[in-house]
>>> print(open('data25.txt').read())   # compact mmCIF, C-alpha atoms
# COMPACT_ATOMS: atom_id res chain seq x y z
CA MET A 14 159.51 40.13 75.35
CA PRO A 15 157.52 42.76 77.28
CA VAL A 16 154.28 41.64 78.92
CA ASP A 17 151.18 43.67 78.29
CA LYS A 18 149.94 44.27 81.84
CA SER A 19 146.75 45.88 80.64
CA ALA A 20 145.73 42.55 79.25
CA GLU A 21 146.00 40.97 82.72
CA LYS A 22 143.47 43.34 84.29
CA PRO A 23 139.91 42.07 84.29
CA PRO A 24 137.61 44.26 82.25
CA ALA A 25 135.54 46.75 84.25
CA PRO A 26 131.92 45.69 84.60
CA PRO A 27 129.62 47.67 82.39
CA ARG A 28 127.78 50.57 84.13
CA THR A 29 124.30 49.47 83.38
CA PRO A 30 121.30 51.48 84.61
CA GLU A 31 120.64 48.80 87.22
CA ARG A 32 124.20 49.05 88.59
CA ILE A 33 124.01 52.86 88.70
CA ALA A 34 120.69 52.67 90.55
CA VAL A 35 122.15 50.26 93.14
CA GLU A 36 125.18 52.53 93.72
CA VAL A 37 122.98 55.59 94.14
CA ALA A 38 120.73 53.69 96.56
CA ILE A 39 123.71 52.60 98.67
CA ARG A 40 125.08 56.15 98.81
CA LEU A 41 121.70 57.57 99.75
CA ALA A 42 121.29 54.93 102.46
CA LEU A 43 124.71 55.81 103.94
CA LEU A 44 123.93 59.52 103.83
CA GLY A 45 120.55 58.90 105.44
CA PHE A 46 122.15 56.81 108.18
CA PHE A 47 124.72 59.47 109.00
CA ALA A 48 122.05 62.18 108.87
CA TYR A 49 119.92 60.18 111.31
CA VAL A 50 122.85 59.70 113.72
CA VAL A 51 123.72 63.40 113.55
CA TRP A 52 120.09 64.34 114.16
CA THR A 53 119.84 62.12 117.25
CA LEU A 54 123.00 63.76 118.62
CA VAL A 55 121.93 67.38 118.09
CA ARG A 56 118.17 66.99 118.67
CA PRO A 57 118.31 67.81 122.43
CA PHE A 58 120.06 71.09 121.61
CA VAL A 59 117.83 72.17 118.72
CA PRO A 60 115.38 74.30 120.79
CA VAL A 61 118.24 76.11 122.54
CA LEU A 62 120.09 76.65 119.25
CA LEU A 63 116.92 77.92 117.59
CA TRP A 64 116.26 80.39 120.42
CA ALA A 65 119.92 81.45 120.42
CA THR A 66 119.72 82.15 116.69
CA VAL A 67 116.45 84.05 116.99
CA LEU A 68 117.66 86.15 119.93
CA SER A 69 121.01 86.91 118.31
CA VAL A 70 119.22 88.16 115.19
CA ALA A 71 116.80 90.23 117.29
CA PHE A 72 119.54 91.73 119.49
CA HIS A 73 122.14 92.29 116.77
CA PRO A 74 121.31 95.96 116.02
CA PHE A 75 121.62 96.87 119.70
CA TYR A 76 124.73 94.70 120.02
CA ALA A 77 126.39 96.42 117.05
CA TRP A 78 125.58 99.86 118.49
CA LEU A 79 126.98 98.89 121.89
CA ARG A 80 130.09 97.30 120.36
CA ASP A 81 130.91 100.53 118.53
CA ARG A 82 130.51 102.49 121.76
CA LEU A 83 132.88 100.08 123.53
CA GLY A 84 135.64 100.53 120.98
CA GLY A 85 135.01 97.31 119.05
CA ARG A 86 135.09 94.99 122.08
CA SER A 87 132.70 92.35 120.76
CA TRP A 88 132.77 89.98 123.73
CA ALA A 89 132.23 92.81 126.21
CA ALA A 90 129.25 94.04 124.18
CA ALA A 91 127.80 90.51 123.94
CA LEU A 92 128.17 90.01 127.70
CA ALA A 93 126.46 93.34 128.37
CA VAL A 94 123.57 92.43 126.06
CA VAL A 95 123.08 89.04 127.74
CA LEU A 96 123.23 90.48 131.27
CA LEU A 97 120.78 93.25 130.38
CA ALA A 98 118.38 90.78 128.73
CA LEU A 99 118.56 88.44 131.72
CA ALA A 100 117.91 91.33 134.11
CA VAL A 101 114.92 92.54 132.09
CA THR A 102 113.36 89.08 131.71
CA ALA A 103 114.35 87.37 134.95
CA GLY A 104 112.93 90.08 137.23
CA PRO A 105 109.34 90.01 135.89
CA ALA A 106 109.52 86.22 135.49
CA LEU A 107 110.52 85.70 139.12
CA LEU A 108 107.84 88.14 140.27
CA LEU A 109 105.23 86.31 138.20
CA VAL A 110 106.32 82.90 139.49
CA ASP A 111 106.26 84.16 143.07
CA SER A 112 102.72 85.46 142.63
CA LEU A 113 101.61 82.18 141.02
CA VAL A 114 103.12 80.12 143.85
CA ALA A 115 101.49 82.35 146.45
CA THR A 116 98.11 82.00 144.74
CA ILE A 117 98.36 78.20 144.56
CA GLU A 118 99.48 77.96 148.19
CA THR A 119 96.57 80.13 149.32
CA LEU A 120 94.06 78.00 147.42
CA ALA A 121 95.58 74.75 148.70
CA ARG A 122 95.56 76.00 152.28
CA HIS A 123 92.00 77.30 152.35
CA ILE A 124 89.99 75.09 150.00
CA GLY A 125 88.45 72.25 151.97
CA SER A 126 89.18 73.82 155.34
CA PRO A 127 86.14 73.83 157.65
CA SER A 128 86.77 77.46 158.54
CA TYR A 129 87.04 78.57 154.94
CA HIS A 130 84.12 80.54 153.53
CA LEU A 131 84.02 82.65 150.41
CA PRO A 132 83.12 86.30 150.97
CA PRO A 133 79.50 87.04 150.14
CA LEU A 134 78.72 88.30 146.68
CA PRO A 135 77.65 91.93 146.32
CA ARG A 136 73.92 92.49 146.18
CA GLU A 137 74.20 93.70 142.59
CA ALA A 138 75.41 90.24 141.47
CA ALA A 139 72.02 88.66 142.17
CA GLU A 140 70.36 91.31 140.01
CA LEU A 141 72.38 90.46 136.90
CA PRO A 142 70.09 89.27 134.09
CA VAL A 143 70.06 85.57 133.19
CA VAL A 144 73.22 84.57 135.09
CA GLY A 145 72.53 86.30 138.43
CA PRO A 146 70.55 83.53 140.24
CA GLN A 147 72.81 80.74 138.96
CA LEU A 148 75.91 82.68 139.99
CA VAL A 149 74.56 83.22 143.50
CA GLY A 150 73.62 79.53 143.85
CA ILE A 151 77.06 78.29 142.75
CA TRP A 152 78.78 80.83 145.00
CA GLU A 153 76.76 79.80 148.07
CA GLN A 154 77.42 76.11 147.43
CA ALA A 155 81.15 76.80 147.02
CA SER A 156 81.18 78.71 150.28
CA SER A 157 79.32 76.06 152.28
CA ASN A 158 80.41 72.77 150.68
CA ILE A 159 83.25 73.12 148.20
CA GLU A 160 83.78 69.33 148.05
CA ALA A 161 80.25 68.72 146.74
CA LEU A 162 80.67 71.44 144.13
CA LEU A 163 83.95 70.00 142.94
CA ALA A 164 82.43 66.50 142.75
CA ARG A 165 79.50 67.86 140.76
CA TYR A 166 81.69 69.49 138.12
CA ALA A 167 84.60 67.02 138.32
CA HIS A 168 84.17 65.88 134.70
CA LEU A 169 84.73 69.45 133.55
CA LEU A 170 87.47 70.33 136.02
CA ILE A 171 89.62 67.26 135.29
CA GLY A 172 89.96 68.10 131.62
CA ALA A 173 90.61 71.77 132.35
CA GLY A 174 93.14 70.84 135.03
CA GLU A 175 95.05 68.50 132.73
CA TRP A 176 95.16 71.18 130.05
CA ALA A 177 96.36 73.75 132.58
CA LEU A 178 99.10 71.40 133.79
CA ARG A 179 100.28 70.77 130.23
CA VAL A 180 100.31 74.48 129.46
CA THR A 181 102.14 75.27 132.70
CA ALA A 182 104.74 72.57 132.09
CA GLY A 183 105.23 73.80 128.53
CA ILE A 184 105.64 77.39 129.66
CA GLY A 185 108.12 76.36 132.35
CA GLY A 186 110.20 74.37 129.87
CA SER A 187 110.06 77.21 127.36
CA VAL A 188 111.24 79.73 129.97
CA VAL A 189 114.26 77.53 130.82
CA THR A 190 115.00 77.10 127.11
CA LEU A 191 114.66 80.86 126.62
CA PHE A 192 117.21 81.62 129.33
CA ALA A 193 119.60 79.03 127.85
CA GLY A 194 119.03 80.61 124.45
CA LEU A 195 119.99 84.01 125.87
CA VAL A 196 123.33 82.60 126.96
CA GLY A 197 123.75 80.96 123.55
CA ALA A 198 122.98 84.26 121.84
CA GLY A 199 125.85 85.83 123.77
CA VAL A 200 128.16 83.23 122.22
CA LEU A 201 126.77 83.70 118.69
CA LEU A 202 126.79 87.51 118.61
CA PRO A 203 130.59 87.99 118.38
CA ALA A 204 130.74 85.36 115.62
CA ALA A 205 127.80 86.88 113.74
CA PRO A 206 129.75 88.16 110.68
CA ARG A 207 131.31 84.75 109.94
CA LEU A 208 128.06 82.91 110.61
CA LEU A 209 126.08 85.31 108.42
CA GLN A 210 128.58 84.85 105.59
CA ALA A 211 128.19 81.08 105.85
CA VAL A 212 124.38 81.36 105.90
CA HIS A 213 124.43 83.59 102.81
CA ALA A 214 126.70 81.13 100.99
CA PHE A 215 124.46 78.19 101.92
CA ALA A 216 121.27 80.02 100.88
CA THR A 217 122.80 81.07 97.57
CA HIS A 218 123.99 77.52 96.90
CA VAL A 219 120.57 76.00 97.69
CA ILE A 220 118.14 78.65 96.42
CA GLY A 221 120.16 80.54 93.85
CA GLU A 222 120.64 84.23 93.27
CA ARG A 223 117.67 85.11 95.52
CA GLY A 224 119.20 83.33 98.52
CA ASP A 225 120.47 86.60 99.98
CA ASP A 226 117.00 88.13 99.69
CA PHE A 227 115.43 85.29 101.67
CA VAL A 228 118.11 85.52 104.37
CA HIS A 229 117.43 89.26 104.75
CA LEU A 230 113.68 88.55 104.77
CA ALA A 231 114.05 85.97 107.57
CA GLY A 232 116.12 88.39 109.67
CA ALA A 233 113.69 91.25 109.14
CA THR A 234 110.75 89.00 110.06
CA ILE A 235 112.42 87.85 113.28
CA ARG A 236 113.15 91.44 114.32
CA THR A 237 109.62 92.51 113.42
CA VAL A 238 108.05 89.73 115.50
CA ALA A 239 110.44 90.43 118.39
CA ARG A 240 109.52 94.13 118.41
CA GLY A 241 105.90 94.10 117.36
CA VAL A 242 104.65 90.91 119.02
CA ILE A 243 106.92 89.91 121.90
CA GLY A 244 107.96 93.45 122.83
CA VAL A 245 104.43 94.86 122.79
CA ALA A 246 103.04 91.84 124.67
CA LEU A 247 105.72 92.17 127.37
CA VAL A 248 104.97 95.89 127.78
CA GLN A 249 101.26 95.16 128.14
CA GLY A 250 101.89 92.28 130.55
CA LEU A 251 104.18 94.39 132.74
CA LEU A 252 101.70 97.29 132.86
CA ILE A 253 98.78 95.01 133.71
CA GLY A 254 100.76 93.01 136.27
CA PHE A 255 102.02 96.16 137.99
CA ALA A 256 98.47 97.48 138.41
CA LEU A 257 97.15 94.15 139.73
CA ILE A 258 99.97 93.79 142.26
CA VAL A 259 99.68 97.40 143.46
CA ALA A 260 95.91 97.06 143.84
CA HIS A 261 96.30 93.68 145.68
CA VAL A 262 94.02 91.91 143.23
CA PRO A 263 93.66 88.19 144.11
CA ALA A 264 95.55 85.79 141.80
CA ALA A 265 97.45 88.70 140.25
CA GLY A 266 100.19 86.44 138.89
CA LEU A 267 97.76 84.03 137.25
CA LEU A 268 95.78 86.87 135.68
CA THR A 269 98.95 88.54 134.42
CA LEU A 270 100.12 85.29 132.87
CA GLY A 271 96.76 84.88 131.15
CA ALA A 272 96.90 88.44 129.79
CA LEU A 273 100.47 87.92 128.54
CA VAL A 274 99.58 84.68 126.74
CA LEU A 275 96.53 86.29 125.12
CA CYS A 276 98.62 89.25 123.98
CA ILE A 277 101.24 86.95 122.44
CA LEU A 278 98.48 85.01 120.67
CA GLN A 279 97.17 88.35 119.32
CA VAL A 280 93.82 87.92 121.08
CA GLY A 281 94.51 90.91 123.30
CA ALA A 282 94.18 91.48 127.02
CA LEU A 283 90.56 92.68 126.99
CA PRO A 284 89.11 89.22 127.89
CA ILE A 285 91.08 89.50 131.15
CA VAL A 286 90.86 93.26 131.71
CA LEU A 287 87.14 93.86 131.13
CA PRO A 288 85.94 91.33 133.77
CA LEU A 289 88.53 92.76 136.17
CA ILE A 290 87.17 96.26 135.67
CA VAL A 291 83.59 95.05 136.24
CA TRP A 292 84.76 93.18 139.36
CA ALA A 293 86.53 96.30 140.66
CA TRP A 294 83.39 98.46 140.31
CA VAL A 295 81.28 95.80 142.05
CA VAL A 296 83.65 94.80 144.88
CA ARG A 297 86.15 97.63 145.43
CA ASP A 298 85.56 101.24 146.40
CA THR A 299 85.27 104.02 143.82
CA GLY A 300 88.89 105.19 144.08
CA GLN A 301 90.38 101.73 143.45
CA ALA A 302 87.89 101.06 140.67
CA LEU A 303 88.85 104.35 138.98
CA PHE A 304 92.55 103.54 139.32
CA LEU A 305 92.18 100.07 137.80
CA THR A 306 89.96 101.37 134.99
CA ALA A 307 92.25 104.29 134.14
CA TRP A 308 95.32 102.03 134.15
CA LEU A 309 94.14 98.69 132.77
CA LEU A 310 92.02 99.91 129.87
CA PRO A 311 94.79 101.98 128.18
CA ALA A 312 97.29 99.17 128.88
CA ALA A 313 95.01 96.63 127.17
CA LEU A 314 94.47 98.92 124.17
CA SER A 315 98.06 100.12 123.84
CA ASP A 316 98.86 97.47 121.21
CA ASN A 317 96.69 99.37 118.72
CA LEU A 318 99.20 102.22 118.92
CA LEU A 319 102.44 100.29 119.40
CA LYS A 320 102.08 97.57 116.77
CA PRO A 321 101.83 99.91 113.75
CA MET A 322 104.93 101.72 115.02
CA PHE A 323 107.09 98.57 115.22
CA MET A 324 105.67 96.03 112.79
CA ALA A 325 105.70 98.08 109.59
CA LYS A 326 109.46 98.75 109.51
CA GLY A 327 111.78 96.94 107.12
CA LEU A 328 109.29 94.29 105.97
CA THR A 329 107.30 93.89 102.76
CA THR A 330 105.26 90.90 103.93
CA PRO A 331 101.65 91.83 104.84
CA ILE A 332 100.96 92.16 108.53
CA VAL A 333 98.10 89.66 108.16
CA ALA A 334 100.56 86.96 107.08
CA ILE A 335 102.88 87.77 109.98
CA LEU A 336 100.06 87.62 112.55
CA ALA A 337 98.71 84.40 111.01
CA GLY A 338 102.20 82.89 111.31
CA VAL A 339 102.46 84.02 114.94
CA ILE A 340 99.10 82.50 115.92
CA GLY A 341 99.46 79.30 113.89
CA GLY A 342 103.08 78.76 114.87
CA THR A 343 102.36 79.27 118.57
CA LEU A 344 99.39 76.90 118.55
CA ALA A 345 101.32 74.25 116.60
CA TYR A 346 104.80 74.45 118.12
CA GLY A 347 104.53 76.56 121.29
CA LEU A 348 106.83 79.49 121.92
CA THR A 349 109.31 78.20 119.34
CA GLY A 350 106.63 78.48 116.66
CA LEU A 351 106.14 82.10 117.63
CA PHE A 352 109.11 82.95 115.38
CA LEU A 353 109.15 79.86 113.17
CA GLY A 354 105.59 80.43 111.89
CA PRO A 355 105.95 84.02 110.61
CA VAL A 356 109.41 83.34 109.12
CA VAL A 357 108.09 80.35 107.12
CA LEU A 358 105.00 82.26 105.97
CA ALA A 359 107.05 85.34 105.03
CA VAL A 360 109.50 83.29 102.93
CA PHE A 361 106.62 81.33 101.36
CA TYR A 362 104.79 84.57 100.54
CA ASP A 363 107.91 85.99 98.89
CA LEU A 364 108.44 82.76 96.93
CA VAL A 365 104.87 82.84 95.62
CA ARG A 366 105.14 86.53 94.75
CA PHE A 367 108.41 85.91 92.87
CA TRP A 368 106.90 82.94 91.04
CA LEU A 369 103.83 84.93 89.97
CA ALA A 370 106.02 87.84 88.82
CA THR A 371 108.15 85.56 86.60
CA PRO A 372 106.83 85.50 82.99
CA THR A 373 105.40 82.15 81.93
CA GLY A 374 107.86 80.13 79.90
CA ALA A 375 110.77 82.41 80.72
CA GLY A 376 113.99 80.47 80.82
CA PRO A 377 117.41 81.30 82.15
CA SER A 378 119.22 84.07 80.35
CA ARG A 379 122.03 83.02 78.02
>>> encode(input="data25.txt", output="structure tokens")
Amino acid sequence: MPVDKSAEKPPAPPRTPERIAVEVAIRLALLGFFAYVVWTLVRPFVPVLLWATVLSVAFHPFYAWLRDRLGGRSWAAALAVVLLALAVTAGPALLLVDSLVATIETLARHIGSPSYHLPPLPREAAELPVVGPQLVGIWEQASSNIEALLARYAHLLIGAGEWALRVTAGIGGSVVTLFAGLVGAGVLLPAAPRLLQAVHAFATHVIGERGDDFVHLAGATIRTVARGVIGVALVQGLLIGFALIVAHVPAAGLLTLGALVLCILQVGALPIVLPLIVWAWVVRDTGQALFLTAWLLPAALSDNLLKPMFMAKGLTTPIVAILAGVIGGTLAYGLTGLFLGPVVLAVFYDLVRFWLATPTGAGPSR
């Protein structure tokens, strides 16, 4: 007589809501654990990968043009782009670092030395309204007894020094990450078509039919920031630094760095340039003062001409939102936020605009 094997199997436990909730919780916990482990493994490489992605998007039009000229040799074109970018960025960076080191060495060698005395202020400085007498008094004390002056204002200098050290360390780390990102961009550029296809598929799967639009918006925003913010700031920094080095202005590297940071933050170089021009007319002869004025003032104001030329191309997001993202992102996340901020604001702006344009109560089409 055949045995009914189905009768031997224990009945499956009923899938009650409590059991389903426990199963879902266990699966989520396992996914969260694996996500945490993966994040700890890739976290040290995230800044470099982010910069490599940003730079590959920014350089892709030039890379594609160069690849076509080289007969489709993608790796040769990527290598040429990386070498050219390293040559353009490493030269000014090394010159700036050399000037900064020389300035710090000069200050360390002379400050506190018994034979060190500041040059006397011009006679016109004492005649300045309100600040003239105080400026002369501080200058004379610094020239005769710099230790007493430093002790008097130590509570102010310590905080400023700590902030300057943090900023300098952050800039140094960002420069190293940037160079590593340039090398990473050279690896990503030849694989750009496959990577872009994967990004489009992921965006469409997560966001829906507008995923492609947001991917194009992110790419256009990165290129706009690279041209209109970073590119213009670098041009201004190079022009200002060249004039300061040629004119043998003291602390030329430090002043150039300050002007570059202010240009990136969209403050502009005038807070650095205008005091330099005043200083040149007070301290230097007429010829040098004319040279610095004729060179520095147009360089500081050149962003008013260059930004409209580069920032209005291929982007529907308002320039105000882009600049707000640049400033907020830089202040919150450093140089990485320089691109992260405007991309997030641009995508958010487009999401809000799409949401407001959708009729209330409109459902999916059948």
>>> closest_residue(input="data25.txt", among="A:Thr330, A:Gly338, A:Ala71, A:Asp363", to="Gly199 (chain A)", atoms="only C-alpha atoms")
A:Ala71
>>> atom_distance(input="data25.txt", atom1="CA of Ala260 (chain A)", atom2="CA of Ala100 (chain A)")
24.7 Å
>>> closest_residue(input="data25.txt", among="A:Phe361, A:Phe192, A:Phe304, A:Phe46", to="Phe227 (chain A)", atoms="only C-alpha atoms")
A:Phe361
>>> atom_distance(input="data25.txt", atom1="CA of Thr234 (chain A)", atom2="CA of Val356 (chain A)")
5.9 Å
>>> residues_around(input="data25.txt", residues="Ala193 (chain A)", least_positions_apart="4", cutoff="10 Å", atoms="only C-alpha atoms", output="PDB file with C-alpha atoms, keeping the file's coordinate frame")
ATOM      1  CA  PRO A  60     115.380  74.300 120.790  1.00  0.00           C
ATOM      2  CA  VAL A  61     118.240  76.110 122.540  1.00  0.00           C
ATOM      3  CA  LEU A  62     120.090  76.650 119.250  1.00  0.00           C
ATOM      4  CA  TRP A  64     116.260  80.390 120.420  1.00  0.00           C
ATOM      5  CA  ALA A  65     119.920  81.450 120.420  1.00  0.00           C
ATOM      6  CA  SER A 187     110.060  77.210 127.360  1.00  0.00           C
ATOM      7  CA  VAL A 188     111.240  79.730 129.970  1.00  0.00           C
ATOM      8  CA  VAL A 189     114.260  77.530 130.820  1.00  0.00           C
ATOM      9  CA  GLY A 197     123.750  80.960 123.550  1.00  0.00           C
ATOM     10  CA  ALA A 198     122.980  84.260 121.840  1.00  0.00           C
TER      11      ALA A 198
END
>>> closest_residue(input="data25.txt", among="A:Leu43, A:Val228, A:Ala256, A:Val55", to="Leu209 (chain A)", atoms="all atoms listed in the file")
A:Val228
>>> atom_distance(input="data25.txt", atom1="CA of Lys320 (chain A)", atom2="CA of Gly241 (chain A)")
5.2 Å
